[in-house]
Every structure is written in structure tokens, then in C-alpha cells.
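One file, structure07.txt, is given below (compact mmCIF, C-alpha atoms).
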```
# COMPACT_ATOMS: atom_id res chain seq x y z
CA MET A 175 121.02 93.29 132.30
CA THR A 176 118.51 94.13 129.57
CA SER A 177 119.02 92.11 126.38
CA THR A 178 118.17 92.93 122.77
CA ALA A 179 116.54 90.51 120.33
CA PHE A 180 116.49 90.89 116.58
CA VAL A 181 113.16 89.54 115.30
CA PHE A 182 112.65 88.96 111.58
CA PRO A 183 109.24 89.19 109.87
CA GLY A 184 107.51 86.69 107.61
CA GLN A 185 105.38 86.79 104.51
CA GLY A 186 102.72 89.48 104.49
CA SER A 187 105.07 92.28 105.55
CA GLN A 188 106.05 92.94 101.93
CA ARG A 189 105.32 96.23 100.20
CA VAL A 190 106.32 97.76 96.89
CA GLY A 191 109.36 99.97 97.42
CA MET A 192 110.78 98.08 100.38
CA GLY A 193 114.51 98.63 100.67
CA ALA A 194 114.63 101.29 97.96
CA ASP A 195 115.51 104.17 100.29
CA PHE A 196 118.41 102.17 101.72
CA VAL A 197 119.81 101.70 98.21
CA ARG A 198 119.59 105.43 97.57
CA ARG A 199 121.71 106.02 100.68
CA ARG A 200 123.97 102.99 100.17
CA PRO A 201 124.48 102.29 96.43
CA ASP A 202 126.98 99.57 97.34
CA LEU A 203 124.04 97.42 98.46
CA VAL A 204 123.07 96.94 94.80
CA ASP A 205 126.14 94.93 93.91
CA THR A 206 126.50 93.25 97.30
CA TYR A 207 122.92 91.97 97.52
CA TYR A 208 120.40 92.96 94.87
CA ARG A 209 122.36 92.26 91.68
CA ALA A 210 123.78 89.13 93.26
CA ALA A 211 120.27 87.94 94.20
CA ASP A 212 118.96 88.62 90.68
CA ASP A 213 121.80 86.58 89.19
CA LEU A 214 121.38 83.76 91.70
CA LEU A 215 117.61 83.42 91.19
CA GLY A 216 117.47 84.20 87.48
CA PHE A 217 114.74 86.85 87.69
CA PRO A 218 114.67 90.56 88.67
CA LEU A 219 113.87 90.26 92.37
CA SER A 220 115.39 93.68 93.04
CA ARG A 221 113.03 95.40 90.58
CA LEU A 222 110.02 93.64 92.09
CA CYS A 223 111.07 94.76 95.58
CA HIS A 224 111.61 98.37 94.58
CA GLU A 225 109.06 98.90 91.79
CA GLY A 226 106.51 96.09 91.98
CA PRO A 227 103.91 95.56 90.67
CA ALA A 228 102.14 94.62 93.89
CA GLU A 229 100.38 91.67 92.24
CA ALA A 230 103.70 90.07 91.31
CA LEU A 231 105.04 90.70 94.79
CA ARG A 232 102.08 88.77 96.27
CA ASP A 233 103.16 85.56 94.50
CA THR A 234 104.42 83.33 97.32
CA ALA A 235 107.42 82.19 95.26
CA VAL A 236 108.45 85.86 94.91
CA THR A 237 107.24 87.23 98.23
CA GLN A 238 109.35 84.96 100.38
CA PRO A 239 112.75 85.76 98.79
CA ALA A 240 111.76 89.45 98.59
CA VAL A 241 111.01 89.75 102.30
CA PHE A 242 114.09 87.70 103.17
CA LEU A 243 116.42 89.81 101.03
CA THR A 244 115.04 93.06 102.43
CA SER A 245 115.67 91.82 105.97
CA ILE A 246 119.26 90.89 105.09
CA VAL A 247 119.89 94.33 103.59
CA VAL A 248 118.49 96.03 106.70
CA LEU A 249 120.62 93.75 108.89
CA ASP A 250 123.73 94.84 106.99
CA VAL A 251 122.90 98.51 107.57
CA LEU A 252 122.24 97.94 111.28
CA ARG A 253 125.58 96.22 111.64
CA THR A 254 127.45 99.11 110.04
CA HIS A 255 126.15 101.11 113.03
CA ASP A 256 127.39 98.48 115.50
CA VAL A 257 123.89 97.43 116.57
CA GLU A 258 124.00 93.70 117.35
CA PRO A 259 121.58 91.25 119.05
CA ASP A 260 122.02 89.08 122.10
CA VAL A 261 119.52 86.57 120.68
CA VAL A 262 117.55 86.22 117.43
CA ALA A 263 114.19 84.85 116.33
CA GLY A 264 112.10 84.86 113.18
CA HIS A 265 108.41 84.43 112.48
CA SER A 266 108.24 81.44 110.12
CA LEU A 267 109.99 82.68 106.93
CA GLY A 268 111.85 85.15 109.16
CA GLU A 269 113.69 82.27 110.79
CA TYR A 270 115.93 82.05 107.70
CA ALA A 271 117.09 85.65 108.11
CA ALA A 272 117.55 85.00 111.83
CA ALA A 273 119.75 82.02 111.00
CA VAL A 274 121.87 84.14 108.65
CA CYS A 275 122.20 86.79 111.36
CA ALA A 276 123.41 84.09 113.76
CA GLY A 277 126.02 82.85 111.28
CA VAL A 278 124.27 79.53 110.69
CA LEU A 279 124.38 79.70 106.88
CA SER A 280 125.25 82.13 104.11
CA TRP A 281 122.62 84.55 102.88
CA GLN A 282 123.00 83.10 99.37
CA ASP A 283 122.22 79.55 100.55
CA ALA A 284 119.32 80.87 102.62
CA LEU A 285 117.95 82.76 99.60
CA ARG A 286 118.01 79.59 97.49
CA LEU A 287 116.18 77.69 100.22
CA VAL A 288 113.60 80.44 100.65
CA ARG A 289 112.92 80.55 96.92
CA LEU A 290 112.41 76.76 96.83
CA ARG A 291 110.26 76.92 99.96
CA GLY A 292 107.99 79.50 98.36
CA ARG A 293 107.68 77.54 95.13
CA LEU A 294 106.88 74.29 96.92
CA MET A 295 104.30 75.94 99.17
CA ALA A 296 102.60 77.64 96.23
CA GLY A 297 102.52 74.30 94.43
CA VAL A 298 100.55 72.71 97.27
CA ASN A 299 97.82 75.29 96.77
CA GLU A 300 97.64 74.51 93.05
CA ARG A 301 97.07 70.82 93.83
CA MET A 302 94.80 71.32 96.85
CA PRO A 303 93.50 74.88 97.24
CA GLY A 304 93.23 75.96 100.82
CA ALA A 305 92.56 78.98 103.00
CA MET A 306 93.67 80.69 106.19
CA ALA A 307 91.84 82.94 108.63
CA ALA A 308 92.83 84.89 111.72
CA VAL A 309 90.65 84.62 114.82
CA VAL A 310 90.92 87.58 117.18
CA GLY A 311 89.53 87.54 120.69
CA LEU A 312 89.44 83.81 121.52
CA ASP A 313 92.14 81.89 123.35
CA LEU A 314 94.20 79.11 121.79
CA PRO A 315 92.43 76.12 123.46
CA THR A 316 89.06 77.41 122.24
CA VAL A 317 90.27 77.77 118.66
CA ARG A 318 91.84 74.30 118.76
CA ASP A 319 88.50 72.89 119.87
CA LEU A 320 86.69 74.72 117.06
CA CYS A 321 89.16 73.25 114.55
CA ALA A 322 88.57 69.71 115.84
CA ARG A 323 84.80 70.13 115.58
CA ALA A 324 84.95 71.65 112.09
CA ALA A 325 87.25 68.88 110.85
CA ALA A 326 84.84 66.23 112.18
CA GLU A 327 81.81 67.96 110.66
CA THR A 328 83.30 68.65 107.22
CA GLY A 329 85.68 65.73 106.81
CA GLN A 330 88.34 68.25 105.80
CA VAL A 331 91.63 69.42 107.27
CA VAL A 332 91.70 72.56 109.44
CA GLU A 333 94.36 73.18 112.07
CA VAL A 334 95.93 75.93 114.14
CA ALA A 335 98.70 77.45 112.04
CA ASN A 336 99.83 80.39 114.18
CA ASP A 337 99.65 81.20 117.87
CA ASN A 338 100.59 84.84 117.27
CA GLU A 339 99.71 86.36 120.65
CA PRO A 340 97.34 85.43 123.49
CA ALA A 341 94.22 86.66 121.69
CA GLN A 342 95.17 86.08 118.05
CA THR A 343 95.24 82.67 116.39
CA VAL A 344 95.46 81.77 112.69
CA VAL A 345 93.84 78.61 111.31
CA SER A 346 94.77 76.88 108.06
CA GLY A 347 93.33 74.10 105.94
CA GLN A 348 90.78 73.26 103.27
CA ALA A 349 88.40 76.07 102.44
CA ALA A 350 85.10 74.60 103.69
CA ALA A 351 86.62 73.63 107.03
CA VAL A 352 88.23 77.06 107.48
CA ARG A 353 84.85 78.68 106.77
CA ALA A 354 83.25 76.42 109.36
CA VAL A 355 85.79 77.49 111.98
CA ALA A 356 85.22 81.15 111.08
CA GLU A 357 81.46 80.83 111.53
CA ALA A 358 81.83 78.93 114.79
CA ALA A 359 84.35 81.48 116.09
CA ARG A 360 81.91 84.33 115.48
CA ARG A 361 79.21 82.43 117.37
CA ALA A 362 81.69 81.81 120.20
CA GLY A 363 82.30 85.53 120.63
CA ALA A 364 85.39 86.27 118.55
CA ARG A 365 85.93 90.01 118.19
CA ARG A 366 86.93 89.54 114.58
CA VAL A 367 87.59 86.79 112.05
CA VAL A 368 89.75 87.88 109.12
CA PRO A 369 90.24 85.75 105.98
CA LEU A 370 93.89 86.02 104.92
CA GLY A 371 94.87 86.63 101.32
CA VAL A 372 97.75 84.18 101.25
CA GLY A 373 98.94 81.76 98.60
CA ALA A 374 98.35 78.42 100.30
CA PRO A 375 97.22 76.66 103.52
CA PHE A 376 100.52 77.17 105.34
CA HIS A 377 101.69 75.47 108.54
CA CYS A 378 99.31 72.54 108.47
CA SER A 379 99.41 68.87 107.50
CA LEU A 380 98.45 69.69 103.89
CA MET A 381 102.10 70.70 103.44
CA ARG A 382 103.39 67.26 104.36
CA ASP A 383 103.98 66.05 100.81
CA ILE A 384 106.69 68.69 100.21
CA GLU A 385 108.69 67.90 103.36
CA ALA A 386 110.87 65.22 101.77
CA GLU A 387 111.91 67.36 98.79
CA PHE A 388 112.68 70.31 101.03
CA ALA A 389 114.64 68.10 103.43
CA GLU A 390 116.91 67.10 100.52
CA ALA A 391 117.59 70.76 99.81
CA LEU A 392 118.37 71.42 103.48
CA ALA A 393 120.79 68.47 103.52
CA ALA A 394 122.76 69.99 100.62
CA VAL A 395 123.52 73.20 102.53
CA ASP A 396 126.38 73.82 104.96
CA PHE A 397 124.82 74.70 108.33
CA ARG A 398 126.93 75.84 111.30
CA ASP A 399 126.24 76.21 115.01
CA PRO A 400 124.80 79.67 115.78
CA SER A 401 127.04 82.40 117.17
CA VAL A 402 124.12 83.70 119.28
CA PRO A 403 121.09 81.73 120.50
CA LEU A 404 118.26 81.35 118.00
CA VAL A 405 114.81 80.93 119.52
CA SER A 406 112.77 78.87 117.08
CA SER A 407 109.15 79.72 116.32
CA VAL A 408 108.61 75.97 115.79
CA THR A 409 109.71 74.87 119.26
CA ALA A 410 109.63 78.19 121.19
CA THR A 411 113.01 77.13 122.64
CA ALA A 412 116.56 78.34 122.12
CA LEU A 413 118.46 76.28 119.56
CA THR A 414 122.22 76.09 119.90
CA SER A 415 123.31 73.58 117.25
CA ALA A 416 123.13 73.33 113.46
CA GLU A 417 121.32 69.99 113.72
CA GLU A 418 118.54 71.47 115.84
CA ILE A 419 118.05 74.36 113.42
CA VAL A 420 117.88 72.10 110.34
CA SER A 421 115.27 69.96 112.09
CA ALA A 422 113.20 73.03 112.99
CA LEU A 423 113.33 74.41 109.44
CA ARG A 424 112.08 71.11 108.09
CA ARG A 425 109.28 70.84 110.65
CA GLN A 426 108.31 74.44 110.03
CA LEU A 427 106.39 73.53 106.86
CA THR A 428 103.69 71.62 108.75
CA ALA A 429 104.15 72.79 112.35
CA PRO A 430 102.29 75.78 113.80
CA VAL A 431 104.14 79.03 114.46
CA ARG A 432 104.45 79.39 118.24
CA TRP A 433 105.11 83.12 118.38
CA THR A 434 103.50 83.66 121.79
CA GLY A 435 105.80 81.03 123.25
CA THR A 436 108.77 82.43 121.34
CA VAL A 437 108.28 85.91 122.82
CA ARG A 438 107.83 84.48 126.31
CA THR A 439 111.05 82.50 125.92
CA LEU A 440 112.87 85.64 124.80
CA ALA A 441 111.48 87.57 127.77
CA GLY A 442 112.60 84.77 130.07
CA ARG A 443 116.14 85.25 128.74
CA GLY A 444 116.07 88.90 129.80
CA VAL A 445 115.01 90.42 126.47
CA ARG A 446 113.21 93.73 126.83
CA ARG A 447 114.16 95.35 123.50
CA TYR A 448 112.84 93.83 120.28
CA VAL A 449 114.21 95.16 116.99
CA GLU A 450 112.07 94.18 113.99
CA VAL A 451 114.65 93.76 111.22
CA GLY A 452 113.06 94.15 107.79
CA PRO A 453 109.86 95.53 106.31
CA GLY A 454 106.79 96.23 108.41
CA ARG A 455 106.03 96.62 112.10
CA VAL A 456 103.68 93.73 112.81
CA LEU A 457 105.98 91.69 115.04
CA GLY A 458 106.46 94.63 117.38
CA GLY A 459 102.72 94.73 118.03
CA LEU A 460 102.58 90.98 118.67
CA CYS A 461 105.53 91.25 121.06
CA ARG A 462 103.93 94.06 123.04
CA ARG A 463 100.61 92.27 123.33
CA THR A 464 102.39 89.17 124.63
CA GLU A 465 104.85 90.98 126.90
CA PRO A 466 103.44 94.44 127.73
CA THR A 467 106.79 95.72 129.03
CA ALA A 468 108.50 95.04 125.68
CA ARG A 469 110.24 97.97 123.98
CA THR A 470 109.93 97.57 120.20
CA PHE A 471 111.88 99.22 117.41
CA THR A 472 111.36 99.16 113.64
CA THR A 473 113.80 99.38 110.74
CA GLY A 474 111.74 99.21 107.55
CA THR A 475 112.72 102.70 106.35
CA VAL A 476 115.87 104.80 106.61
CA GLY A 477 114.14 107.08 109.12
CA GLU A 478 112.95 104.21 111.31
CA LEU A 479 116.37 102.59 111.30
CA ALA A 480 118.06 105.90 112.15
CA ALA A 481 115.78 106.32 115.18
CA THR A 482 116.55 102.75 116.27
CA VAL A 483 120.30 103.33 115.94
CA ASP A 484 119.99 106.57 117.92
CA ALA A 485 118.29 104.61 120.70
CA LEU A 486 120.37 101.43 120.70
CA GLY A 487 123.70 102.24 119.07
CA PRO A 488 126.94 102.52 121.07
CA ALA A 489 126.33 106.23 121.71
CA GLY A 490 122.57 105.92 121.89
CA THR A 491 120.27 106.84 124.71
CA GLU A 492 117.09 104.79 124.81
CA PRO A 493 114.04 107.09 124.89
CA ALA A 494 111.86 107.37 127.95
CA GLU A 495 109.07 104.82 128.25
CA THR A 496 105.86 105.99 126.55
CA GLU A 497 102.66 104.23 125.67
CA THR A 498 103.12 104.73 121.93
CA ASP A 499 106.87 104.28 121.62
CA THR A 500 107.95 101.96 118.81
CA GLY A 501 111.45 103.28 118.39
CA THR A 502 110.32 105.42 115.46
CA GLY A 503 108.19 108.16 116.95
CA THR A 504 105.30 107.18 114.69
CA GLY A 505 103.10 105.45 117.25
CA THR A 506 101.63 102.00 117.57
CA GLU A 507 99.60 100.05 115.04
CA THR A 508 95.96 100.92 114.65
CA GLY A 509 93.27 98.42 115.57
CA THR A 510 92.62 97.74 111.89
CA GLU A 511 96.25 96.95 111.21
CA THR A 512 96.34 94.67 114.21
CA ALA A 513 93.32 92.67 113.11
CA SER A 514 93.86 92.45 109.37
CA ALA A 515 97.20 93.49 107.92
CA GLY A 516 98.88 92.48 111.15
CA THR A 517 97.60 88.93 111.07
CA ALA A 518 98.39 88.54 107.38
CA ALA A 519 101.97 89.63 107.92
CA ALA A 520 102.40 87.15 110.72
CA SER A 521 100.98 84.10 108.98
CA LEU A 522 103.94 82.59 107.16
```
Entire entry expressed as C-alpha cells:
Amino acid sequence: MTSTAFVFPGQGSQRVGMGADFVRRRPDLVDTYYRAADDLLGFPLSRLCHEGPAEALRDTAVTQPAVFLTSIVVLDVLRTHDVEPDVVAGHSLGEYAAAVCAGVLSWQDALRLVRLRGRLMAGVNERMPGAMAAVVGLDLPTVRDLCARAAAETGQVVEVANDNEPAQTVVSGQAAAVRAVAEAARRAGARRVVPLGVGAPFHCSLMRDIEAEFAEALAAVDFRDPSVPLVSSVTATALTSAEEIVSALRRQLTAPVRWTGTVRTLAGRGVRRYVEVGPGRVLGGLCRRTEPTARTFTTGTVGELAATVDALGPAGTEPAETETDTGTGTGTETGTETASAGTAAASL
């Protein structure tokens, strides 16, 4: 039997206007989510999502709750059409929306945690500015070796932050060491090396000094066992207890994102359909490049979600297999999106 996974995107998938067309169709979402989120956080998150400006939306402390909230709104709309997952996963930040989908915690508690997570991560960059870069065209062991050499040569921290798909790895650390890896990767034959415009050196040991404070916040929240399996991007294994999920969310700050392993674990559980729940379409591309038989569907706009419901809803008929099918009829990502915007959206 073919299974369906809901996969939730991370930071970098944000865009001005995300979620606005859903509100126009479903005004009830304003009171249920957007006004409630504004009141909970004490700033106009809904206006920033729908109107920007883009510069404000790029602030890590804003971006993370904005992407999370948009995913939760899209999830609500999907569920009104009786589209449900057999298993869930999230790319870094997206793991919080996945946990809400699986009934592990309330969306309000998750939003508070995501806001704190973003603020703490941004604070690390203020104290110790860092950088991230995506390496396209080299395998993971090669990039790990380049990081070890650059760290030894510069005396600075640089580590693998994301194993996004078999030929795309993101490195994170102090700026000089990241530059050294980028230069070495080009010499080693990388097809492309893309500096990422992110707010901090995520998913590396430079984040260690915020783990204790964030662990206290996690301990104050009521976590429950998931109603469906949650495959963690920290462990690339299915988590079935609240304790396991809390541990993974804590480790996530410093641990690399194992998205290649996550997709392979999902495929091993019979998943063939991957529904990207929230803004953007980056995860679909990563899933297809890891598991070429994957069928991917997007939900970032009303039109995309409608096409996904038509394909996967109770009365739906999944479209015939085509090379460009994404569940939206709009085609696959371009090479530029894959190498630049795609890596940025899958970095946090």
C-alpha cells in the first residue's frame, strides 16, 4: 500500500504574501490563527506574513514563527478536505509543525517555542557572526573531509549542517572557515557553491551555548506521544514517544539536518507521496532527487492546495506519472532554484 507523508518546510521558504489567499477564502482563519498568534507573540506577525516588508520577514526571530504559522494554517485547510498523512517529517524548523500535526503539542505552545528558538539563534550570530554555504555536486564524505581540513587550517569552527540530498550539502561555522571550505570545494570539482543569506551559523557547535536555555523552555511544555509516526530530521528515524521528540528538538540546535536519511526512512516505510505543507516547494525537489520515484505535491497557494486535494482527497484520482508532475501542474524547480533558493530554504 502506498503511504502519504506530510513534510513541513524550514526557514528560507518564506515569502511576502504567504497565506494571504487562504485568508481571503477562509476569513475564519484570521481569528483562529492569525489574530491569536499576534496576541500571543505581542507583534503583528500576520501583517508581516501577508504584507511584509521582505526585510523584516528575513529576521530569523520573525521568519521562524511566520513559516511555522503558515504551515499550520495550510494544515488546517488540508484537513477540512479530509487529506491526512500516514507519517510526518519536518526539515529543521518544520519539525515543530510536524509535531503539531501528529498531536504532540498545541500549535500555540509550538509557536512560543519557535519564536524563542529564532531569537536565541539570532543572538548567537550577534555574539559570534558566522556563515553558511551550500555545496552542490560533491558527496557528503568529501564535504566532511573539506570541513575537517578547513577547521585545522583556520583554527575556526566549520561543520556539516545539512545533508539535504545526495549531491547537496550545507556547511556552517565561522566565516573564514566557511570561505575556506567553499574555495576547497570549487577546487575539488563542486558544480556550485552558494553562500546562504541566513541569520546565523545554524546546526553546528556554535549553537551549543543556547541549548540549556532552550531545554528549559521545552521542559515547560506538555508533550504527548505522536498519533502518527514522526520521522526526525535529527536522527532520520521514526520517533514514537514524547520523550524522543523532546530530545530531538533539543539536539536539533547543534545537530546536522539529515534530510537524505529522513527521506530514505520515509521511503522504507512505503511512502511514495510527499505533500509539502506550507510555503514553497523546495522539499519536493530534495525528495525527488533522493528518491526518484517520489510523487510530490505542494500547498503554498490556494491553487496548489486545490490540485493536491483533487489528487489525494477521498474522491481524488492521482494524476498519471509525468516527469514534471509536482501535484500542481506548474512543473519542477529550475536549476537555479535548486542550487540557490532551494538550498537556502532547506538550511534551517
Counting all atoms listed in the file, which of A:Val190, A:Leu457, A:Val288, A:Ala296 gets nearest to Pro227 of chain A? A:Val190
Selection as a PDB file with C-alpha atoms, in the frame of the given file: residues within 8 Å of (123.5, 84.2, 116.8), counting only C-alpha atoms:
```
ATOM      1  CA  PRO A 259     121.580  91.250 119.050  1.00  0.00           C
ATOM      2  CA  ASP A 260     122.020  89.080 122.100  1.00  0.00           C
ATOM      3  CA  VAL A 261     119.520  86.570 120.680  1.00  0.00           C
ATOM      4  CA  VAL A 262     117.550  86.220 117.430  1.00  0.00           C
ATOM      5  CA  ALA A 272     117.550  85.000 111.830  1.00  0.00           C
ATOM      6  CA  ALA A 273     119.750  82.020 111.000  1.00  0.00           C
ATOM      7  CA  CYS A 275     122.200  86.790 111.360  1.00  0.00           C
ATOM      8  CA  ALA A 276     123.410  84.090 113.760  1.00  0.00           C
ATOM      9  CA  GLY A 277     126.020  82.850 111.280  1.00  0.00           C
ATOM     10  CA  VAL A 278     124.270  79.530 110.690  1.00  0.00           C
ATOM     11  CA  PRO A 400     124.800  79.670 115.780  1.00  0.00           C
ATOM     12  CA  SER A 401     127.040  82.400 117.170  1.00  0.00           C
ATOM     13  CA  VAL A 402     124.120  83.700 119.280  1.00  0.00           C
ATOM     14  CA  PRO A 403     121.090  81.730 120.500  1.00  0.00           C
ATOM     15  CA  LEU A 404     118.260  81.350 118.000  1.00  0.00           C
TER      16      LEU A 404
END
```
Record the distance separating atom CA of Ser346 of chain A and atom CA of Met306 of chain A, expressed in Å with one decimal. 4.4 Å
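You can rank A:Gly444, A:Gly184, A:Pro369, A:Gly435 by their closest distance to Asp337 of chain A using only C-alpha atoms, and at the top of that list sits A:Gly435.
Rounded to one decimal, atom CA of Leu252 of chain A and atom CA of Arg200 of chain A lie 12.3 Å from each other.
Atom CA of Glu258 of chain A to atom CA of Arg398 of chain A spans 19.1 Å [interatomic distance, one decimal].
Distances here use all atoms listed in the file; by that measure, the residue among A:Val451, A:Ile384, A:Ala307, A:Ala324 closest to Gly193 of chain A is A:Val451.
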Taking 3 positions as the minimum chain separation for residues in the same chain, which residues sit within 8 Å of Val420 of chain A when counting all atoms listed in the file? Answer as a list in words. Leu392, Phe397, Ala416, Glu417, Leu423 and Arg424 of chain A
Just write the chosen residues, C-alpha atoms, as a compact mmCIF listing (two decimals), in the coordinates of the input.
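This is the output file selection-v1.txt:
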```
# COMPACT_ATOMS: atom_id res chain seq x y z
CA LEU A 392 118.37 71.42 103.48
CA PHE A 397 124.82 74.70 108.33
CA ALA A 416 123.13 73.33 113.46
CA GLU A 417 121.32 69.99 113.72
CA LEU A 423 113.33 74.41 109.44
CA ARG A 424 112.08 71.11 108.09
```
For Asp256 of chain A, list every protein, DNA or RNA residue within 9 Å, evaluated using only C-alpha atoms, and leave out those in the same chain fewer than 2 positions away; present the list as a PyMOL selection string. chain A and resi 252-254+258+483+487-488
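For the point (106.5, 76.6, 107.4) in file coordinates, the residues within 9 Å, using all atoms listed in the file, are Ser266, Leu267, Arg291, Met295, Phe376, His377, Cys378, Met381, Val408, Leu423, Arg424, Arg425, Gln426, Leu427, Thr428, Ala429, Pro430, Val431 and Leu522 of chain A.
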Can you write out the residues you just picked, keeping C-alpha atoms, as a PDB file, in the coordinates of the input?
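Now in out.pdb:
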```pdb
ATOM      1  CA  SER A 266     108.240  81.440 110.120  1.00  0.00           C
ATOM      2  CA  LEU A 267     109.990  82.680 106.930  1.00  0.00           C
ATOM      3  CA  ARG A 291     110.260  76.920  99.960  1.00  0.00           C
ATOM      4  CA  MET A 295     104.300  75.940  99.170  1.00  0.00           C
ATOM      5  CA  PHE A 376     100.520  77.170 105.340  1.00  0.00           C
ATOM      6  CA  HIS A 377     101.690  75.470 108.540  1.00  0.00           C
ATOM      7  CA  CYS A 378      99.310  72.540 108.470  1.00  0.00           C
ATOM      8  CA  MET A 381     102.100  70.700 103.440  1.00  0.00           C
ATOM      9  CA  VAL A 408     108.610  75.970 115.790  1.00  0.00           C
ATOM     10  CA  LEU A 423     113.330  74.410 109.440  1.00  0.00           C
ATOM     11  CA  ARG A 424     112.080  71.110 108.090  1.00  0.00           C
ATOM     12  CA  ARG A 425     109.280  70.840 110.650  1.00  0.00           C
ATOM     13  CA  GLN A 426     108.310  74.440 110.030  1.00  0.00           C
ATOM     14  CA  LEU A 427     106.390  73.530 106.860  1.00  0.00           C
ATOM     15  CA  THR A 428     103.690  71.620 108.750  1.00  0.00           C
ATOM     16  CA  ALA A 429     104.150  72.790 112.350  1.00  0.00           C
ATOM     17  CA  PRO A 430     102.290  75.780 113.800  1.00  0.00           C
ATOM     18  CA  VAL A 431     104.140  79.030 114.460  1.00  0.00           C
ATOM     19  CA  LEU A 522     103.940  82.590 107.160  1.00  0.00           C
TER      20      LEU A 522
END
```
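Residue nearest Ala410 of chain A, chosen from A:Ala305, A:Ala194, A:Leu285, A:Ala263 and counting only C-alpha atoms: A:Ala263.
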Nearest candidate to Glu269 of chain A (options A:Asp213, A:Arg365, A:Phe180, A:Arg462; using all atoms listed in the file): A:Phe180
So, counting all atoms listed in the file, which residue among A:Val334, A:Val372, A:Ala271, A:Ala240 is closest to Pro303 of chain A? A:Val372
Which residues, written as a PDB file with C-alpha atoms, keeping the file's coordinate frame, have at least one atom at most 8 Å from Tyr270 of chain A, with all atoms listed in the file counted and residues fewer than 5 positions away on the same chain left out?
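Writing the result to out_26.pdb gives the following:
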```pdb
ATOM      1  CA  PHE A 242     114.090  87.700 103.170  1.00  0.00           C
ATOM      2  CA  GLY A 264     112.100  84.860 113.180  1.00  0.00           C
ATOM      3  CA  ALA A 284     119.320  80.870 102.620  1.00  0.00           C
ATOM      4  CA  VAL A 288     113.600  80.440 100.650  1.00  0.00           C
TER       5      VAL A 288
END
```
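Within the 9 Å cut-off around Gly452 of chain A, using only C-alpha atoms and omitting residues fewer than 6 positions from it on the same chain, the listed residues are Val181, Phe182, Pro183, Ser187, Met192, Gly193, Val241, Phe242, Leu243, Thr244, Ser245, Ile246, Val247, Val248, Leu249, Thr472, Thr473, Gly474 and Thr475 of chain A.
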For the selection just defined, write its residues with C-alpha atoms to a file, as a compact mmCIF listing (two decimals), in the frame of the given file.
```txt
# COMPACT_ATOMS: atom_id res chain seq x y z
CA VAL A 181 113.16 89.54 115.30
CA PHE A 182 112.65 88.96 111.58
CA PRO A 183 109.24 89.19 109.87
CA SER A 187 105.07 92.28 105.55
CA MET A 192 110.78 98.08 100.38
CA GLY A 193 114.51 98.63 100.67
CA VAL A 241 111.01 89.75 102.30
CA PHE A 242 114.09 87.70 103.17
CA LEU A 243 116.42 89.81 101.03
CA THR A 244 115.04 93.06 102.43
CA SER A 245 115.67 91.82 105.97
CA ILE A 246 119.26 90.89 105.09
CA VAL A 247 119.89 94.33 103.59
CA VAL A 248 118.49 96.03 106.70
CA LEU A 249 120.62 93.75 108.89
CA THR A 472 111.36 99.16 113.64
CA THR A 473 113.80 99.38 110.74
CA GLY A 474 111.74 99.21 107.55
CA THR A 475 112.72 102.70 106.35
```
Give me segment 239-257 of chain A from this structure - N, CA and C atoms, as a compact mmCIF listing (two decimals), in the first residue's frame.
```
# COMPACT_ATOMS: atom_id res chain seq x y z
N PRO A 239 8.67 31.91 13.28
CA PRO A 239 7.23 31.81 13.58
C PRO A 239 6.35 32.05 12.36
N ALA A 240 6.81 32.86 11.39
CA ALA A 240 6.00 33.12 10.21
C ALA A 240 5.85 31.88 9.35
N VAL A 241 6.95 31.17 9.11
CA VAL A 241 6.87 29.94 8.32
C VAL A 241 6.07 28.88 9.06
N PHE A 242 6.30 28.76 10.35
CA PHE A 242 5.55 27.80 11.16
C PHE A 242 4.05 28.07 11.08
N LEU A 243 3.64 29.32 11.31
CA LEU A 243 2.22 29.64 11.33
C LEU A 243 1.58 29.37 9.98
N THR A 244 2.28 29.71 8.90
CA THR A 244 1.73 29.46 7.57
C THR A 244 1.51 27.96 7.36
N SER A 245 2.44 27.14 7.80
CA SER A 245 2.29 25.70 7.66
C SER A 245 1.08 25.19 8.44
N ILE A 246 0.86 25.74 9.63
CA ILE A 246 -0.27 25.30 10.45
C ILE A 246 -1.59 25.69 9.81
N VAL A 247 -1.64 26.88 9.21
CA VAL A 247 -2.85 27.31 8.51
C VAL A 247 -3.14 26.40 7.33
N VAL A 248 -2.11 26.09 6.54
CA VAL A 248 -2.29 25.20 5.39
C VAL A 248 -2.72 23.81 5.86
N LEU A 249 -2.15 23.34 6.95
CA LEU A 249 -2.54 22.04 7.51
C LEU A 249 -4.03 22.03 7.85
N ASP A 250 -4.52 23.09 8.46
CA ASP A 250 -5.93 23.19 8.80
C ASP A 250 -6.80 23.06 7.54
N VAL A 251 -6.41 23.78 6.48
CA VAL A 251 -7.20 23.73 5.25
C VAL A 251 -7.17 22.33 4.64
N LEU A 252 -6.00 21.71 4.61
CA LEU A 252 -5.92 20.33 4.10
C LEU A 252 -6.86 19.41 4.87
N ARG A 253 -6.89 19.56 6.17
CA ARG A 253 -7.70 18.66 6.99
C ARG A 253 -9.19 18.88 6.78
N THR A 254 -9.59 20.08 6.42
CA THR A 254 -11.01 20.30 6.13
C THR A 254 -11.43 19.53 4.87
N HIS A 255 -10.44 19.13 4.06
CA HIS A 255 -10.71 18.33 2.85
C HIS A 255 -10.39 16.85 3.08
N ASP A 256 -10.24 16.48 4.36
CA ASP A 256 -10.01 15.07 4.73
C ASP A 256 -8.74 14.48 4.11
N VAL A 257 -7.72 15.31 3.93
CA VAL A 257 -6.41 14.82 3.50
C VAL A 257 -5.55 14.68 4.74
```
